[in-house]
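First comes the structure, then the notes that go with it.
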Amino acid sequence: MTALYIGLMSGTSMDGVDAVLVDFGAGQPHLIASHSQAMPSHLFKGLQRLCQPGSDEINRLGRLDRTVGLLFADAVNQLLAKAGISPAQVLAIGSHGQTIRHMPSLDTGFTLQIGDPNTIAVNTGIDVIADFRRKDVALGGQGAPLVPAFHQEVFAKPGHQRIILNIGGISNITYLPGDETKVVGFDTGPGNTLIDYWMQQCQRQSFDHEGRWAASGATNQALLDQMLSHPYFAEAYPKSTGKEMFNHVWLEQQLAHFGQLRDEDIQSTLLDLTCASIAAEVLALSPAGELYVCGGGAMNLTLLARLRQRLPEYHIATTAALGVDPKWVEGIAFAWLAMRFNQRLPANLPAVTGASRQAILGAHFPAV
C-alpha cells in the first residue's frame with residue numbers, strides 16, 4: 001500500500017526549491033522522485049530586499065507571497081510530470097515556505113515564512129500542509145530546527161551515538177544518543193550563507209564548487225577569532241538563528257579592519273568559521289562518535305576535509321551512508337511533517353525547540 005506525500009523546501013540560501021515525492025506506505029520514507037527548481041533572479045533579488053527592513057514592505061510581502069507560491073506549485077507540477085504521478089494519488093504537500101524573518105527570541109517572538117499555501121493547493125490540485133513553525137513559537141519555542149524529530153525517526157539506532165549535521169544557509173545539528181528522550185538539536189551558526197555571499201560578490205558564482213576557491217586561500221586566525229566572538233556561539237541551546245543575525249552587513253563590519261586580506265583568504269576564513277562553530281558544538285556534546293552530513297554543505301569537499309581535521313575522533317560521512325541522499329533530507333522531512341499532521345501526531349521535540357509541550361504542527365489548506 002502506498003502513501004504518497006510531497007515535500008517542498010526552500011532554505012536560507014534562496015537559490016531554489018527542492019521538491020520530493022516520498023512513499024511512507026512501508027513506514028520508512030522511500031524517495032520516488034525529486035526535482036530542483038531554480039530561483040529566478042528577479043525573485044531572488046526581491047526576497048533579499050524583503051529580508052531587510054525597508055519601505056513598502058507589506059505590498060512587497062503580499063506580491064512575493066503569491067509569487068513564491070506559484071514557483072512552489074510549478075515545482076510540484078514538474079515533479080509529478082517527471083514521476084508520472086497524478087495529483088489525485090498524492091495525499092498532501094508539506095511546504096516549508098521561504099523564511100523572510102526568524103526572530104523567536106524577541107519579547108514577543110515570531111517566525112515568518114511566505115509562499116501562499118492556497119496558491120500551491122489551487123495550482124496543483126493537492127491539499128497543502130504548511131505553516132509548521134508558528135505553533136511551536138506560540139508554545140514558547142524557537143520554531144526551529146524542526147528536522148530533529150525526523151532525524152530521530154529515520155536515523156537513530158539504539159546503541160549508536162550519532163550526530164546529523166545539516167549544512168544549508170545555516171548549519172544545524174541533531175544529537176541522537178540512542179535514547180529518544182535525550183535528543184538535542186539546534187542551529188550552530190552560519191553554514192553556506194556567508195560563503196555563498198562572498199563567492200557571489202567576488203567571483204560572480206552562486207557557490208564555491210567543492211570549496212575549491214576556499215582551498216586556494218589561507219585562513220586569517222585574527223579574523224576568525226573576531227567572528228567567533230559573536231555572542232550567539234556562546235549561547236546555550238535551545239537556540240536558532242538566520243540571516244537576520246549572520247548577513248552581509250555583519251560580514252562587512254567584521255572585515256572593516258582586514259582590508260589587506262586577499263579575497264580567497266577571506267573565503268577560507270569564512271569556511272573555517274562554519275567548521276569551527278560546528279566542531280565546537282559537536283565536541284561539547286561528545287568527544288567521539290558518528291557524524292553524518294546532509295544539505296548543500298555535504299558537497300563541499302574542502303569543508304568536509306576541515307571538519308575531519310577538527311573532529312579526528314568522529315567517523316564522518318554523508319547521510320548517503322544511512323540510505324538517504326544528503327541533497328533531499330530536508331525535503332523528505334517536510335513530506336514527513338505533512339504525514340504527521342494528517343495522522344494527527346506531534347512533530348516537534350520540546351527539548352530541541354524549547355516549546356512547553358509537544359504539538360501537531362501545521363495548518364491544512366485544501367485544494368477544493
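Each chain of the C-alpha cells is named A, B, ... in the order shown, its residues numbered from 1; ligands are numbered from 1 in display order.
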List the neighbours of Ile32 of chain A out to 7 Å using only C-alpha atoms; skip same-chain residues closer than 3 positions along the sequence, and give me the result as a short mmCIF file (atom, residue, chain, number, x, y, z; two decimals) with N, CA and C atoms, in the first residue's frame.
data_model
loop_
_atom_site.label_atom_id
_atom_site.label_comp_id
_atom_site.auth_asym_id
_atom_site.auth_seq_id
_atom_site.Cartn_x
_atom_site.Cartn_y
_atom_site.Cartn_z
N LEU A 21 9.02 13.56 -3.97
CA LEU A 21 7.85 12.69 -3.86
C LEU A 21 8.28 11.47 -3.05
N VAL A 22 7.58 11.25 -1.92
CA VAL A 22 8.01 10.24 -0.96
C VAL A 22 6.85 9.29 -0.67
N ASP A 23 7.17 8.01 -0.58
CA ASP A 23 6.18 7.00 -0.20
C ASP A 23 6.45 6.55 1.23
#
message: To test your reading of the structure, identify every residue in segment 14-258 of chain A that backbone DSSP assigns to alpha helix (DSSP H), and report it as number ranges by chain.
response: A: 41-50, 57-83, 117-124, 134-138, 147-155, 193-203, 212-215, 221-228, 248-254
Near-segment 54-68 of chain A list (12 Å; only C-alpha atoms; drop same-chain fewer than 5 positions) as a count of residues only: 40
Step one, run DSSP on the backbone; step two, keep only residues of segment 66-228 of chain A assigned to strand (DSSP E); then write them as an mmCIF file with N, CA and C atoms, in the first residue's frame.
data_model
loop_
_atom_site.group_PDB
_atom_site.id
_atom_site.type_symbol
_atom_site.label_atom_id
_atom_site.label_comp_id
_atom_site.auth_asym_id
_atom_site.auth_seq_id
_atom_site.Cartn_x
_atom_site.Cartn_y
_atom_site.Cartn_z
ATOM 1 N N VAL A 90 -1.608 11.772 -4.615
ATOM 2 C CA VAL A 90 -0.804 12.360 -3.536
ATOM 3 C C VAL A 90 -1.720 12.799 -2.401
ATOM 4 N N LEU A 91 -1.399 12.383 -1.194
ATOM 5 C CA LEU A 91 -2.241 12.701 -0.036
ATOM 6 C C LEU A 91 -2.116 14.157 0.384
ATOM 7 N N ALA A 92 -0.923 14.697 0.333
ATOM 8 C CA ALA A 92 -0.740 16.104 0.730
ATOM 9 C C ALA A 92 0.666 16.552 0.372
ATOM 10 N N ILE A 93 0.806 17.866 0.279
ATOM 11 C CA ILE A 93 2.109 18.520 0.116
ATOM 12 C C ILE A 93 2.490 19.145 1.460
ATOM 13 N N GLY A 94 3.709 18.915 1.898
ATOM 14 C CA GLY A 94 4.234 19.611 3.070
ATOM 15 C C GLY A 94 5.155 20.714 2.606
ATOM 16 N N SER A 95 4.767 21.967 2.817
ATOM 17 C CA SER A 95 5.545 23.104 2.320
ATOM 18 C C SER A 95 6.159 23.889 3.470
ATOM 19 N N HIS A 96 7.481 23.978 3.460
ATOM 20 C CA HIS A 96 8.181 24.779 4.469
ATOM 21 C C HIS A 96 7.952 26.259 4.257
ATOM 22 N N GLY A 97 7.874 26.680 2.994
ATOM 23 C CA GLY A 97 7.801 28.104 2.693
ATOM 24 C C GLY A 97 9.192 28.715 2.680
ATOM 25 N N GLN A 98 9.254 30.003 2.335
ATOM 26 C CA GLN A 98 10.520 30.730 2.312
ATOM 27 C C GLN A 98 10.594 31.655 3.521
ATOM 28 N N THR A 99 11.533 31.393 4.401
ATOM 29 C CA THR A 99 11.674 32.238 5.590
ATOM 30 C C THR A 99 12.164 33.621 5.194
ATOM 31 N N ILE A 100 11.455 34.652 5.671
ATOM 32 C CA ILE A 100 11.909 36.027 5.444
ATOM 33 C C ILE A 100 12.227 36.748 6.753
ATOM 34 N N ARG A 101 11.743 36.224 7.868
ATOM 35 C CA ARG A 101 12.123 36.728 9.195
ATOM 36 C C ARG A 101 12.079 35.569 10.177
ATOM 37 N N HIS A 102 13.107 35.472 11.005
ATOM 38 C CA HIS A 102 13.103 34.483 12.077
ATOM 39 C C HIS A 102 13.626 35.174 13.319
ATOM 40 N N MET A 103 12.700 35.598 14.198
ATOM 41 C CA MET A 103 13.044 36.391 15.378
ATOM 42 C C MET A 103 12.385 35.794 16.628
ATOM 43 N N PHE A 110 8.651 35.720 16.941
ATOM 44 C CA PHE A 110 7.878 35.294 15.782
ATOM 45 C C PHE A 110 8.805 34.725 14.729
ATOM 46 N N THR A 111 8.224 33.973 13.821
ATOM 47 C CA THR A 111 8.914 33.496 12.634
ATOM 48 C C THR A 111 7.938 33.607 11.475
ATOM 49 N N LEU A 112 8.433 33.933 10.291
ATOM 50 C CA LEU A 112 7.531 34.203 9.171
ATOM 51 C C LEU A 112 8.069 33.578 7.894
ATOM 52 N N GLN A 113 7.250 32.708 7.305
ATOM 53 C CA GLN A 113 7.558 32.087 6.019
ATOM 54 C C GLN A 113 6.479 32.465 5.014
ATOM 55 N N ILE A 114 6.898 32.727 3.777
ATOM 56 C CA ILE A 114 5.933 33.048 2.725
ATOM 57 C C ILE A 114 5.963 31.964 1.647
ATOM 58 N N VAL A 128 -2.527 21.093 0.832
ATOM 59 C CA VAL A 128 -1.224 21.553 1.325
ATOM 60 C C VAL A 128 -1.252 21.661 2.846
ATOM 61 N N ILE A 129 -0.200 21.167 3.476
ATOM 62 C CA ILE A 129 0.026 21.395 4.900
ATOM 63 C C ILE A 129 1.215 22.339 5.000
ATOM 64 N N ALA A 130 1.042 23.466 5.673
ATOM 65 C CA ALA A 130 2.093 24.481 5.741
ATOM 66 C C ALA A 130 2.042 25.178 7.100
ATOM 67 N N ARG A 162 25.013 9.152 17.382
ATOM 68 C CA ARG A 162 25.112 9.784 16.077
ATOM 69 C C ARG A 162 24.770 11.265 16.151
ATOM 70 N N ILE A 163 25.414 12.030 15.282
ATOM 71 C CA ILE A 163 25.058 13.425 15.079
ATOM 72 C C ILE A 163 24.741 13.609 13.600
ATOM 73 N N ILE A 164 23.579 14.192 13.320
ATOM 74 C CA ILE A 164 23.194 14.539 11.957
ATOM 75 C C ILE A 164 23.447 16.035 11.788
ATOM 76 N N LEU A 165 24.276 16.385 10.841
ATOM 77 C CA LEU A 165 24.649 17.773 10.588
ATOM 78 C C LEU A 165 24.067 18.212 9.260
ATOM 79 N N ASN A 166 23.157 19.169 9.308
ATOM 80 C CA ASN A 166 22.598 19.750 8.095
ATOM 81 C C ASN A 166 23.271 21.086 7.838
ATOM 82 N N ILE A 167 23.923 21.208 6.690
ATOM 83 C CA ILE A 167 24.584 22.465 6.332
ATOM 84 C C ILE A 167 23.864 23.074 5.149
ATOM 85 N N ILE A 170 22.177 28.088 6.975
ATOM 86 C CA ILE A 170 22.528 27.983 8.389
ATOM 87 C C ILE A 170 22.800 26.516 8.686
ATOM 88 N N SER A 171 23.720 26.249 9.585
ATOM 89 C CA SER A 171 24.018 24.863 9.975
ATOM 90 C C SER A 171 23.234 24.492 11.222
ATOM 91 N N ASN A 172 22.711 23.277 11.256
ATOM 92 C CA ASN A 172 22.090 22.777 12.481
ATOM 93 C C ASN A 172 22.484 21.330 12.710
ATOM 94 N N ILE A 173 22.500 20.950 13.976
ATOM 95 C CA ILE A 173 22.882 19.586 14.326
ATOM 96 C C ILE A 173 21.788 18.932 15.164
ATOM 97 N N THR A 174 21.682 17.624 15.004
ATOM 98 C CA THR A 174 20.799 16.807 15.821
ATOM 99 C C THR A 174 21.644 15.733 16.486
ATOM 100 N N TYR A 175 21.613 15.679 17.798
ATOM 101 C CA TYR A 175 22.354 14.685 18.564
ATOM 102 C C TYR A 175 21.423 13.528 18.889
ATOM 103 N N LEU A 176 21.780 12.351 18.390
ATOM 104 C CA LEU A 176 20.975 11.148 18.577
ATOM 105 C C LEU A 176 21.778 10.166 19.431
ATOM 106 N N VAL A 184 18.887 16.073 21.165
ATOM 107 C CA VAL A 184 19.181 17.506 21.227
ATOM 108 C C VAL A 184 19.367 18.014 19.807
ATOM 109 N N GLY A 185 18.903 19.217 19.523
ATOM 110 C CA GLY A 185 19.121 19.800 18.205
ATOM 111 C C GLY A 185 19.076 21.318 18.273
ATOM 112 N N PHE A 186 19.900 21.974 17.458
ATOM 113 C CA PHE A 186 19.925 23.444 17.441
ATOM 114 C C PHE A 186 20.762 23.928 16.266
ATOM 115 N N ASP A 187 20.641 25.208 15.959
ATOM 116 C CA ASP A 187 21.461 25.846 14.931
ATOM 117 C C ASP A 187 22.824 26.181 15.521
ATOM 118 N N THR A 188 23.893 25.814 14.803
ATOM 119 C CA THR A 188 25.235 26.123 15.284
ATOM 120 C C THR A 188 25.706 27.500 14.824
ATOM 121 N N GLY A 189 25.122 28.022 13.738
ATOM 122 C CA GLY A 189 25.539 29.317 13.201
ATOM 123 C C GLY A 189 25.555 29.273 11.684
ATOM 124 N N PRO A 190 26.387 30.099 11.042
ATOM 125 C CA PRO A 190 26.408 30.135 9.578
ATOM 126 C C PRO A 190 26.808 28.791 8.992
#
message: Give me, as an NGL selection string, all polymer residues having an atom no more than 9 Å from Ala156 of chain A, counting only C-alpha atoms and skipping those fewer than 5 positions away in the same chain.
response: :A and (151 or 161-162 or 176-180)
How about saving the chosen residues, N, CA and C atoms kept, as a PDB file, in the first residue's frame?
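Generated file (part04.pdb):
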ATOM      1  N   HIS A 151      14.905  13.314  11.992  1.00  0.00           N
ATOM      2  CA  HIS A 151      16.195  12.626  12.127  1.00  0.00           C
ATOM      3  C   HIS A 151      16.103  11.480  13.132  1.00  0.00           C
ATOM      4  N   GLN A 161      25.787   6.308  18.909  1.00  0.00           N
ATOM      5  CA  GLN A 161      25.772   7.742  19.200  1.00  0.00           C
ATOM      6  C   GLN A 161      26.040   8.488  17.895  1.00  0.00           C
ATOM      7  N   ARG A 162      25.013   9.152  17.382  1.00  0.00           N
ATOM      8  CA  ARG A 162      25.112   9.784  16.077  1.00  0.00           C
ATOM      9  C   ARG A 162      24.770  11.265  16.151  1.00  0.00           C
ATOM     10  N   LEU A 176      21.780  12.351  18.390  1.00  0.00           N
ATOM     11  CA  LEU A 176      20.975  11.148  18.577  1.00  0.00           C
ATOM     12  C   LEU A 176      21.778  10.166  19.431  1.00  0.00           C
ATOM     13  N   PRO A 177      21.578  10.200  20.763  1.00  0.00           N
ATOM     14  CA  PRO A 177      22.398   9.369  21.648  1.00  0.00           C
ATOM     15  C   PRO A 177      21.946   7.915  21.740  1.00  0.00           C
ATOM     16  N   GLY A 178      20.904   7.554  20.973  1.00  0.00           N
ATOM     17  CA  GLY A 178      20.371   6.199  21.068  1.00  0.00           C
ATOM     18  C   GLY A 178      19.207   6.093  22.023  1.00  0.00           C
ATOM     19  N   ASP A 179      18.899   7.185  22.706  1.00  0.00           N
ATOM     20  CA  ASP A 179      17.767   7.262  23.636  1.00  0.00           C
ATOM     21  C   ASP A 179      16.911   8.444  23.194  1.00  0.00           C
ATOM     22  N   GLU A 180      15.712   8.171  22.683  1.00  0.00           N
ATOM     23  CA  GLU A 180      14.891   9.233  22.081  1.00  0.00           C
ATOM     24  C   GLU A 180      14.496  10.322  23.068  1.00  0.00           C
TER      25      GLU A 180
END
- prompt: Using only C-alpha atoms, which residues sit within 8 Å of segment 78-85 of chain A once same-chain residues fewer than 6 positions away are excluded, as a PyMOL selection string?
  reply: chain A and resi 19-21+32-35
Just to be explicit: take each residue in the selection above, keep N, CA and C atoms, and write the result as a PDB file, in the first residue's frame.
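What ended up in selection_16.pdb:
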ATOM      1  N   ALA A  19      11.847  19.802  -4.444  1.00  0.00           N
ATOM      2  CA  ALA A  19      10.573  19.089  -4.345  1.00  0.00           C
ATOM      3  C   ALA A  19      10.847  17.594  -4.408  1.00  0.00           C
ATOM      4  N   VAL A  20      10.260  16.852  -3.469  1.00  0.00           N
ATOM      5  CA  VAL A  20      10.464  15.402  -3.433  1.00  0.00           C
ATOM      6  C   VAL A  20       9.118  14.702  -3.312  1.00  0.00           C
ATOM      7  N   LEU A  21       9.021  13.561  -3.968  1.00  0.00           N
ATOM      8  CA  LEU A  21       7.852  12.692  -3.863  1.00  0.00           C
ATOM      9  C   LEU A  21       8.279  11.474  -3.049  1.00  0.00           C
ATOM     10  N   ILE A  32      10.673   8.562  -4.203  1.00  0.00           N
ATOM     11  CA  ILE A  32      10.206   8.132  -5.523  1.00  0.00           C
ATOM     12  C   ILE A  32      10.806   9.003  -6.617  1.00  0.00           C
ATOM     13  N   ALA A  33      10.776  10.306  -6.426  1.00  0.00           N
ATOM     14  CA  ALA A  33      11.295  11.237  -7.434  1.00  0.00           C
ATOM     15  C   ALA A  33      11.673  12.543  -6.759  1.00  0.00           C
ATOM     16  N   SER A  34      12.528  13.306  -7.425  1.00  0.00           N
ATOM     17  CA  SER A  34      12.972  14.591  -6.886  1.00  0.00           C
ATOM     18  C   SER A  34      13.120  15.599  -8.018  1.00  0.00           C
ATOM     19  N   HIS A  35      13.032  16.870  -7.667  1.00  0.00           N
ATOM     20  CA  HIS A  35      13.134  17.937  -8.665  1.00  0.00           C
ATOM     21  C   HIS A  35      13.629  19.206  -7.978  1.00  0.00           C
TER      22      HIS A  35
END
statement: In terms of only C-alpha atoms, the residue from A:Leu261, A:Ala276, A:Leu301, A:Met339 at minimal distance from Arg212 of chain A is A:Leu301
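Of the residues listed (A:Ser86, A:Ser356, A:Gln221, A:Asn348), A:Asn348 shows the shortest atom-to-atom separation from Pro148 of chain A; distances use only C-alpha atoms.
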Under the rule of at most 12 Å, produce a per-residue listing of segment 223-255 of chain A near segment 262-265 of chain A: chain, number, name, the closest pair of atoms, and the distance in Å, as a Markdown table, using only C-alpha atoms.
| residue | atom | partner | partner_atom | distance |
| --- | --- | --- | --- | --- |
| A:Leu223 | CA | A:Asp265 | CA | 10.2 |
| A:Leu224 | CA | A:Asp265 | CA | 10.9 |
| A:Leu255 | CA | A:Asp263 | CA | 10.9 |
Those residues you just picked out, can you put them in a file as a PDB file, in the first residue's frame with C-alpha atoms?
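Once everything was written out, this is out.pdb:
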ATOM      1  CA  LEU A 223      39.594  37.488  11.704  1.00  0.00           C
ATOM      2  CA  LEU A 224      38.331  34.019  12.584  1.00  0.00           C
ATOM      3  CA  LEU A 255      36.040  42.937   7.555  1.00  0.00           C
TER       4      LEU A 255
END
Kindly provide the residues of segment 168-249 of chain A that approach segment 50-53 of chain A to within 10 Å, each paired with its closest atom pair and their distance in Å to one decimal, based on only C-alpha atoms, listed by chain and increasing number, as a Markdown table.
| residue | atom | partner | partner_atom | distance |
| --- | --- | --- | --- | --- |
| A:Lys243 | CA | A:Cys51 | CA | 8.0 |
| A:Glu244 | CA | A:Cys51 | CA | 7.7 |
| A:Asn247 | CA | A:Gln52 | CA | 9.9 |
Writer output for current selection, N, CA and C atoms, as a PDB file, in the first residue's frame:
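Produced file result.pdb, reproduced below:
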ATOM      1  N   LYS A 243      19.551  34.668   8.698  1.00  0.00           N
ATOM      2  CA  LYS A 243      20.198  35.797   8.038  1.00  0.00           C
ATOM      3  C   LYS A 243      19.961  37.113   8.774  1.00  0.00           C
ATOM      4  N   GLU A 244      18.996  37.124   9.682  1.00  0.00           N
ATOM      5  CA  GLU A 244      18.787  38.334  10.474  1.00  0.00           C
ATOM      6  C   GLU A 244      20.027  38.650  11.299  1.00  0.00           C
ATOM      7  N   ASN A 247      24.654  38.063   8.256  1.00  0.00           N
ATOM      8  CA  ASN A 247      24.329  38.541   6.914  1.00  0.00           C
ATOM      9  C   ASN A 247      25.480  39.386   6.364  1.00  0.00           C
TER      10      ASN A 247
END
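Of note, atom CA of Arg308 of chain A and atom CA of Gln254 of chain A are spaced 26.6 Å apart.
Here atom CA of Thr12 of chain A stands at a distance of 4.9 Å from atom CA of Gly169 of chain A.
Put simply, atom CA of Gly296 of chain A is 17.7 Å away from atom CA of Ala279 of chain A.
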